[in-house]
4 protein chains.
Amino acid sequence: MTTLDNPRDNAVEQSSDLTPQQRFREVRAVTDTLASRLSAEDQTPQSMPEASPTKWHRAHTTWFFEEFILRSVPTYAVFDERFRYLFNSYYEAVGDRHPRPERGLVTRPGIDEIAAYRRHVDDAMVDLLRRGALGDDALALLELGCNHEQQHQELLLMDVKHLFSTVPMSPGPVYVERGADAPAESDPLRWRSVAGGVTEIGAHGDGFAYDNEGPRHRVFLEDFEIARRPVTNADWWEFMADGGYRRPDLWLSDGWTHIRNTGWSAPGYWRFDDDAGWTTFTLSGRRPVVADEPVLHVSFFEADAFARWAGARLPTEFEWERAAADVDSLRGELLDPDRCHPRSTGHLNGGGAMIGNVWEWTASAYLPYPGFAPANGAVGEYNGKFMCDQHVLRGASAVTPRGHERITYRNFFPAAARWAFSGFRLAR
Amino acid sequence: MTTLDNPRDNAVEQSSDLTPQQRFREVRAVTDTLASRLSAEDQTPQSMPEASPTKWHRAHTTWFFEEFILRSVPTYAVFDERFRYLFNSYYEAVGDRHPRPERGLVTRPGIDEIAAYRRHVDDAMVDLLRRGALGDDALALLELGCNHEQQHQELLLMDVKHLFSTVPMSPGPVYVERGADAPAESDPLRWRSVAGGVTEIGAHGDGFAYDNEGPRHRVFLEDFEIARRPVTNADWWEFMADGGYRRPDLWLSDGWTHIRNTGWSAPGYWRFDDDAGWTTFTLSGRRPVVADEPVLHVSFFEADAFARWAGARLPTEFEWERAAADVDSLRGELLDPDRCHPRSTGHLNGGGAMIGNVWEWTASAYLPYPGFAPANGAVGEYNGKFMCDQHVLRGASAVTPRGHERITYRNFFPAAARWAFSGFRLAR
Amino acid sequence: MTTLDNPRDNAVEQSSDLTPQQRFREVRAVTDTLASRLSAEDQTPQSMPEASPTKWHRAHTTWFFEEFILRSVPTYAVFDERFRYLFNSYYEAVGDRHPRPERGLVTRPGIDEIAAYRRHVDDAMVDLLRRGALGDDALALLELGCNHEQQHQELLLMDVKHLFSTVPMSPGPVYVERGADAPAESDPLRWRSVAGGVTEIGAHGDGFAYDNEGPRHRVFLEDFEIARRPVTNADWWEFMADGGYRRPDLWLSDGWTHIRNTGWSAPGYWRFDDDAGWTTFTLSGRRPVVADEPVLHVSFFEADAFARWAGARLPTEFEWERAAADVDSLRGELLDPDRCHPRSTGHLNGGGAMIGNVWEWTASAYLPYPGFAPANGAVGEYNGKFMCDQHVLRGASAVTPRGHERITYRNFFPAAARWAFSGFRLAR
Amino acid sequence: MTTLDNPRDNAVEQSSDLTPQQRFREVRAVTDTLASRLSAEDQTPQSMPEASPTKWHRAHTTWFFEEFILRSVPTYAVFDERFRYLFNSYYEAVGDRHPRPERGLVTRPGIDEIAAYRRHVDDAMVDLLRRGALGDDALALLELGCNHEQQHQELLLMDVKHLFSTVPMSPGPVYVERGADAPAESDPLRWRSVAGGVTEIGAHGDGFAYDNEGPRHRVFLEDFEIARRPVTNADWWEFMADGGYRRPDLWLSDGWTHIRNTGWSAPGYWRFDDDAGWTTFTLSGRRPVVADEPVLHVSFFEADAFARWAGARLPTEFEWERAAADVDSLRGELLDPDRCHPRSTGHLNGGGAMIGNVWEWTASAYLPYPGFAPANGAVGEYNGKFMCDQHVLRGASAVTPRGHERITYRNFFPAAARWAFSGFRLAR
């Protein structure tokens, strides 16, 4: 789908040229492709309450179109009324739902029936689109549904990675084969200076954005500097070698409690063996940690401790967005779906790309912008109700679907979460 | 498989006439048949820590033969060394093992690879048996392995039933179709008197028995009476109607705490709807509770409370065994594998069958008999190490495999467990 | 202690006129007075992990002066070396400490020995102060220690209130007797308009402030309105009557989960009896809820849900501080230690007092101000390390010690906490 | 209180010569003496849910007389109606009660008010006794109440020991001062042979016994041997040196899980320091472990594992009672209240005493004897309802009150409990 001649920012523009029907089909097809590498057994379990089965992701993204668009179409025949309960994620306005921690126990519908469900909904949607039967509100919900499905595509990969990592076998399951990593050059940290002042933050209103990206509003920023590249594995080794995980003075109180309770002493998925050294579990199995790649699967607690150790800090989400808006070429080459892995950072310092490698923790709590009002109806529950004790990540990762990234995008996770493709960059 | 002309006790004698090879093949085939009704998705999850995935049962029973017989055969090629860790249940002498609560996360090997594992081990075993290459010790382990697999066949059905029951859809998954229940006649409780004195208890040594069934030894019993039939659903309704679940004076202290914490107010799998009345979840889906069938899926706590309410008590396991030894025709018609359901009790009072309907809680704690010594080696961990805070059940259930039941058989579960096919009868 | 001619802001200026020795003696005496109403038994238990025994508060505030000032005085004789471990709260730099949840098990030292410990440290401090032996750094630590002790005076009252409330006896224990509440007039909500723009926030540097109140820095605010009085119990009844606790659309996701898990359906300490109606547990025992008093003991979750229900929102901490800076007479009459109760709000709308009634939840997460650096040494752990998943409260409560309140003061608690004297006011 | 001329068995006979009034006064006085060594702070906390505050023990034992005897006396004035709820332990028939894990939060009534409560009830009881106003049933309840209070005297000491042990200070609190231990001689294990057959077990009916000690009934025993002395600390060191805590083959499955979860590697209260070697926490503070004293504060799991390691087993409670009935002089010198410590065993092998040193775990589950019926009324809840997943201990400990021990006495605790004064002896 992507070639060297077809860089990422072009792809984004292309996507906005697609008809709604093309857009819908393209997004839906990606989910099917991602799932096609997994057996029925692989698609069934839930490895922790925060994760979901692949099978469930496939059904839930379908449910979204059925629930919010098709149900109000008089001619539409609901595929199975029981799915309304079964595949609702968290929409209170829709009604009761199956308890989240028990998603891995639902063996029926199996993957064949879920495929049929997807086809049923796709056919109904495409038929409506062909006939031009959707009004503006429905088309907006269609675009929301496509973005929703793209978000679940990344969640699906996060969750499969976590599931596969729990199996204590060596070499362990592989989601996608990949060759050896190319050698990467060391890339010393350099800083970019950004002038402060009153600046505008948030989505402009041209092009799709989630409700939580607006309203666009003014904030006051002091002058600041932001790193030209994310923190790398090599950087992280220095932190570890300096006792970073053993020094309480570097940590937030909750972070220190957390690492003592969990025994964390390295990023998520890392393991040290006398023979293999540091390896990390990837969607291509267990592989050596590459020094000059961005560090991945660190929590907010770890990012914050590292920054303190480095005599720096995390940027706020406003600083991050301000800096990203300045960069000539914002985007890296995103989502080679067979890669599922961050780029090494050698060329990033130069190119200045801030998106498409790793999600980057910021210093900001996830709070509503001044004047924020959630969308009307059940889809208003999409974002706003999570604005409590979550931390904002900006950018996008190597597995974020093409066209789903924006500089105003606000991803968020709890401070201890690290199964997302999360890294960070420094500010000062 | 069973006919009126081919009663259950004949089946047992037949089984002892089988060659070891026939016996092995027959037992192995039953497991395959039981699993054949389940999809890959159905065979993967673990619905609670005490239960195991069907996939795991199939692999673990195979592991038993590989670990305890084939590994010591020089020419045997181990199928996959990683399975030693993955499918060990609880044998400390074999080494570390995969954590029990995570059995549902192991998606690979999938069911096809597990089928190949089963064939690999079956071929190796049958080859050894054909060549007469197994000595007495190995043949004893073979018989132990067959009994072990039979025990897991019932566990497999218990676990599938529990898994299917967690899915909150109506009508819910069906393991095996079954027609409507035949009407049953009411069957008032009658008692059998048994004379006390010093009596012998335990396995004679002729025919297979687990180590925990011996040594045969003497106990002193007072005269007692024992019910001719198990307690029925109709009896249980009386108990419920009389406030049985709300009267602390009827319950052991731990039992009362347990029902307050869980909110239990009926046997396991029961549900009351205004339209359908009392139904129970079965391997054939949700069905009406039948008045004259034995009550099923009650815990020791509930059995004990009922007995107190009825002015009676549970028999000790010694009384149970003494009474069973007296009965002319001990056994009912066992395991119609398509039935998976207790018989109604109308003919049992007359026939006196004490085995093959429901497992029956006794008043006895699961303790070693005088002089008990576990078997040598890792298989010594089979039974003895669980002799603490477990309660003995005697008899056998409708899903106990044919030929696996014995009057000296000591089944055991914790006092609060009720996912086994457990009921009880009264004594006084 | 306070009269109409002797308003609260005078009291503050007076306190800054005190010599360090007078200041120290005065603060220490208040703690002794607060504890003098409690028996040895009352001072011993810990009613939840977040709370501490009175006995412990008395010893820990003493430990603060010993640890951070006296230990570096060569002539000082440590009272008991074991107290260093026993009464350290959370200072990692000081060393290991007694596990927080076990503070209620330490019966020795008893209250008499703790009184001796207090006298020992007081004598040593006063001797140093008399001799002018403390340098500027030590005097700054002295002032920090006095503020620390004042903070614990309020915690002590919060914790005693919680402890006494756990005893299920009627009328229940009374900390301080109090007469009947005077009738209060209804006080409709009115709003104050505040102009936005770039504004300065944080401590000026004149007078004591915690490190987390600085550096003073610029933020951009839009125009806003803020309520002239806090939300009252009468307001809360309306919210409850309108199903406030039963409507998921009003709640943050974590808040909704929390109230379902806890069953909360009213503010903390409230109870409904058919005869007495709504009562609330106070330091003067259980009393009727007074309609026109500010609602108290609500969590951030509840404040946020109420604001959504009211079509308004919580102010940010910056808006709150900006509004407070504008008010002619900022402060109410604080801490009548025999009152321990918020004022009714009738006169507040008029007088504009924003401090001294209830702590007020804001919409702001507790985060470092730009350029924040914690104090050097162990006391740097006082504030900064808690800047994660906490929510800022501004103002002060009726039990905040006189002279401890400031408009830049940043109190903080987790979103679900409600044993603080916490209420809120609306903004829009 | 005890002299060499005044041996223990005489003490028992003496006690039966006491008038009910003398008996009552004597038992009540012991409780007061035990509590008199503890401050108000010491008497208030609850160090774990299974333990209770001293203050509570004093009130609950008083409540027993008020509830079961005085309430039915028309002229009796209840001291405080709230105590009925507050000091009920577990009697469902009496009504609701204060949650057990919160006993440490009840600061009021304080110890002075509880002393007044005790005097109030004592005065009322003595008045009734003086006037001969109690019938046979009430006198039986009086004797039950006295035994109940004696049982709580030992619990009080167990609980104080546990509470004091949680304070991580050195030297730690001391309940009673004691001089250095006298040197003890090594005492090799010798066995006593006991002939089997049908034997009678249980209380005869002459003299007080709890309901769970009857009915007297017949059991069949094989010939057996029982150790002449309990297992000693020196024996235990051998077990530890041989890897006893690290060998899964020695342990029941639940026991192995338990020691892995808890990290147990020595008996309760033991600690190893490089300088002091093995010490144990006692009511006289931390002291060296004495080689030839019985091992104390081991759980059933540990006793069972030791027996397996030693190639022996625990006696059943029937074997224990049969053996005890044979011993000429059954009893050791009990309860020197200033000693609170087991005797060294040098003289026990010779003297044959089986009672008064340590409670001895048996192999028996705590089950009803054939024909057991609990007492009528609420006091029927005293014993019977705990007959589930508990393990019988026989004998008595050094802190069991004089006159409270009997060879038919059935003490019981869960398998993992070890805060009782529990040891064991071997059988084979």
# chains A, B, ... in the order shown; residues from 1 in each chain; ligands from 1
$ residues_around --residues "Asn383 (chain A)" --least-positions-apart "2" --cutoff "9 Å" --atoms "only C-alpha atoms" --output "count of residues only"
10
$ interface_residues --of "chain A" --to "chain C" --cutoff "6 Å" --atoms "only C-alpha atoms" --output "list in words"
Val219, Phe220, Leu252, Ser253, Lys385, Phe386 and Asp389 of chain A
$ closest_residue --among "C:Arg394, C:Arg37, C:Arg178, C:Arg410" --to "Leu157 (chain C)" --atoms "only C-alpha atoms"
C:Arg37
$ select_by_dssp --residues "region 78-302 of chain D" --states "strand (DSSP E or B)" --output "JSON, numbers by chain"
{"D": [191, 192, 193, 194, 197, 198, 199, 200, 201, 217, 218, 219, 220, 221, 224, 225, 226, 227, 232, 270, 271, 272, 273, 277, 278, 279, 280, 281, 282, 285, 286, 287, 288, 294]}
